[in-house]
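Report on one structure; see the data block that follows.
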Amino acid sequence: MIIVLIAMTLCGALGGAGLKAYASSRKRLHILFGLGFYGVGALLNIALLKFLPLTVVLPANALTYVWTLLLAKWVFKEKVGRLRWVGVVCIMGGLFFLVF
């Protein structure tokens, strides 16, 4: 289930990345990519709720912020400051306590 949880959050981040790419390029493929990944992420979220408690699935969505930061840095070449990395550490620490 943890793998599906990670995939769900990664789909959410990839969906946002697709929409950002569309905003700058206006290529139809990017919006289809973004909406498609958002849709897959939503379906995985629904599937997970059948097997895991809401108090695990919903807070785990915070991992999407971590993926988004990594995509922004690596794909879109955005500058990521020290304070944002501290935020990532806080999110990961909080998720550790909530999920495990």
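If you're wondering about the labels, chains in the structure tokens are A, B, ... by order shown, residues count from 1 in each chain, ligands from 1 in order shown.
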Show me, as a PDB file with C-alpha atoms, in the first residue's frame, the residues that have an atom within 12 Å of A:Asn61 when counting only C-alpha atoms, minus same-chain residues fewer than 6 positions from it.
```pdb
ATOM      1  CA  VAL A   4       0.442   3.057  -4.119  1.00  0.00           C
ATOM      2  CA  LEU A   5       0.467   5.939  -1.640  1.00  0.00           C
ATOM      3  CA  ILE A   6       3.757   7.198  -3.094  1.00  0.00           C
ATOM      4  CA  ALA A   7       2.425   6.771  -6.646  1.00  0.00           C
ATOM      5  CA  MET A   8      -0.716   8.748  -5.740  1.00  0.00           C
ATOM      6  CA  THR A   9       1.309  11.693  -4.476  1.00  0.00           C
ATOM      7  CA  LEU A  10       3.708  11.553  -7.411  1.00  0.00           C
ATOM      8  CA  CYS A  11       0.751  11.653  -9.818  1.00  0.00           C
ATOM      9  CA  GLY A  12      -0.511  14.793  -8.086  1.00  0.00           C
ATOM     10  CA  ALA A  13       2.871  16.482  -8.467  1.00  0.00           C
ATOM     11  CA  GLY A  41      -3.891  10.405  -8.618  1.00  0.00           C
ATOM     12  CA  ALA A  42      -7.547  10.927  -7.663  1.00  0.00           C
ATOM     13  CA  LEU A  44      -5.503   6.017  -6.558  1.00  0.00           C
ATOM     14  CA  ASN A  45      -6.667   8.178  -3.646  1.00  0.00           C
ATOM     15  CA  LEU A  48      -6.420   3.722  -1.044  1.00  0.00           C
ATOM     16  CA  LEU A  54      -8.529   8.613   6.118  1.00  0.00           C
ATOM     17  CA  THR A  55      -6.147   9.768   8.863  1.00  0.00           C
ATOM     18  CA  TRP A  67       7.595  15.880  -5.224  1.00  0.00           C
ATOM     19  CA  THR A  68       6.517  19.279  -6.517  1.00  0.00           C
ATOM     20  CA  ILE A  91       6.879  17.399   6.029  1.00  0.00           C
ATOM     21  CA  MET A  92       8.849  14.158   5.897  1.00  0.00           C
ATOM     22  CA  GLY A  94       5.461  14.687  10.151  1.00  0.00           C
ATOM     23  CA  LEU A  95       4.559  12.018   7.604  1.00  0.00           C
ATOM     24  CA  LEU A  98       1.478   9.934  10.921  1.00  0.00           C
ATOM     25  CA  VAL A  99       1.998   6.952   8.628  1.00  0.00           C
TER      26      VAL A  99
END
```
Contact residues around A:Val88 with only C-alpha atoms at 9 Å, ignoring same-chain residues under 5 positions, as a PyMOL selection string:
chain A and resi 63+65-66+69+83+93
Need to verify the contact set: stretch 15-24 of chain A, 10 Å, only C-alpha atoms, exclusion of same-chain residues closer than 3 positions in sequence. Can you return it as a list in words?
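What passes the distance filter is Thr9, Leu10, Cys11, Gly12, Lys27, Arg28, Leu29, His30, Ile31, Leu32, Phe33, Gly34, Leu35, Gly36, Phe37, Tyr38, Gly39, Val40, Gly41, Thr64, Trp67, Thr68, Leu71, Ala72, Val75 and Phe76 of chain A.
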Rounded to one decimal place, report the atom CA of A:Met1-atom CA of A:Leu70 distance in Å.
22.8 Å
Using only C-alpha atoms, which of A:Leu14, A:Glu78, A:Arg84, A:Phe97 sits nearest A:Ala60?
A:Phe97
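Atom CA of A:Ile3 is positioned 23.4 Å from atom CA of A:Trp85.
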